[in-house]
Amino acid sequence: MAKKVRSDSSVDHQMKMIGERVRELRRQKNQNYEAWSYLNGINKVSLNRIERGENVTMKMLLEILKKLDVSVQDFFKDIR
C-alpha cells in the first residue's frame, strides 16, 4: 500500500496569509518594519521573515499581536 503524501500547499498559503495580515496591521500603524520592530523590541529580521510568510513560532506571533493590540480571534478571523 502506497503511503499518502501530505501536500503542504495549503499550509504554505496560510503562512503567507498570516504574514500579509501582520504586515497589514503594522502598516496601519504607519510604520515601516524597521522602525516598528525597533520601537517594539522585535528583531527586524524575524519580523521581515514573518511578514514574508516564513516560519514563525507561536510565542513570536503572540508577542507581535500583543504589540499590535490585536486579539488572536480578530487576527485569524479572515485567514482560511
# chains A, B, ... in the order shown; residues from 1 in each chain; ligands from 1
$ select_by_dssp --residues "range 6-79 of chain A" --states "helix (DSSP H, G or I)" --output "ChimeraX atom specification"
/A:9-28,33-40,44-51,58-68,72-76
$ write_last_selection --atoms "C-alpha atoms" --output "compact mmCIF listing (two decimals), in the first residue's frame"
# COMPACT_ATOMS: atom_id res chain seq x y z
CA SER A 9 0.48 23.94 -0.23
CA SER A 10 -2.48 24.86 1.99
CA VAL A 11 -0.17 25.34 4.96
CA ASP A 12 2.16 27.48 2.85
CA HIS A 13 -0.82 29.56 1.74
CA GLN A 14 -1.95 30.05 5.34
CA MET A 15 1.57 31.10 6.38
CA LYS A 16 1.57 33.70 3.59
CA MET A 17 -1.85 34.94 4.76
CA ILE A 18 -0.56 35.25 8.34
CA GLY A 19 2.43 37.24 7.13
CA GLU A 20 0.28 39.50 4.99
CA ARG A 21 -2.06 40.11 7.92
CA VAL A 22 0.84 41.05 10.22
CA ARG A 23 2.17 43.43 7.55
CA GLU A 24 -1.26 44.98 7.04
CA LEU A 25 -1.73 45.61 10.77
CA ARG A 26 1.77 47.06 11.12
CA ARG A 27 1.24 49.38 8.16
CA GLN A 28 -1.98 50.62 9.73
CA TYR A 33 9.10 47.24 9.57
CA GLU A 34 12.49 48.53 10.76
CA ALA A 35 11.02 51.38 12.82
CA TRP A 36 8.17 49.26 14.18
CA SER A 37 10.46 46.39 15.16
CA TYR A 38 12.87 48.79 16.88
CA LEU A 39 10.13 50.58 18.81
CA ASN A 40 8.55 47.30 19.91
CA LYS A 44 13.68 43.19 12.42
CA VAL A 45 14.94 40.09 10.61
CA SER A 46 12.37 37.95 12.42
CA LEU A 47 9.58 40.40 11.63
CA ASN A 48 10.62 40.53 7.97
CA ARG A 49 10.55 36.72 7.76
CA ILE A 50 7.15 36.55 9.39
CA GLU A 51 5.74 39.15 7.01
CA MET A 58 3.64 30.80 18.34
CA LYS A 59 5.43 32.81 21.01
CA MET A 60 6.71 35.35 18.48
CA LEU A 61 3.30 35.64 16.80
CA LEU A 62 1.57 36.18 20.16
CA GLU A 63 4.14 38.84 21.12
CA ILE A 64 3.57 40.66 17.83
CA LEU A 65 -0.21 40.51 18.19
CA LYS A 66 0.04 41.90 21.72
CA LYS A 67 2.18 44.81 20.49
CA LEU A 68 -0.25 45.41 17.61
CA VAL A 72 -5.89 36.17 18.40
CA GLN A 73 -9.55 35.80 17.43
CA ASP A 74 -9.59 39.04 15.45
CA PHE A 75 -6.27 38.24 13.81
CA PHE A 76 -7.38 34.86 12.47
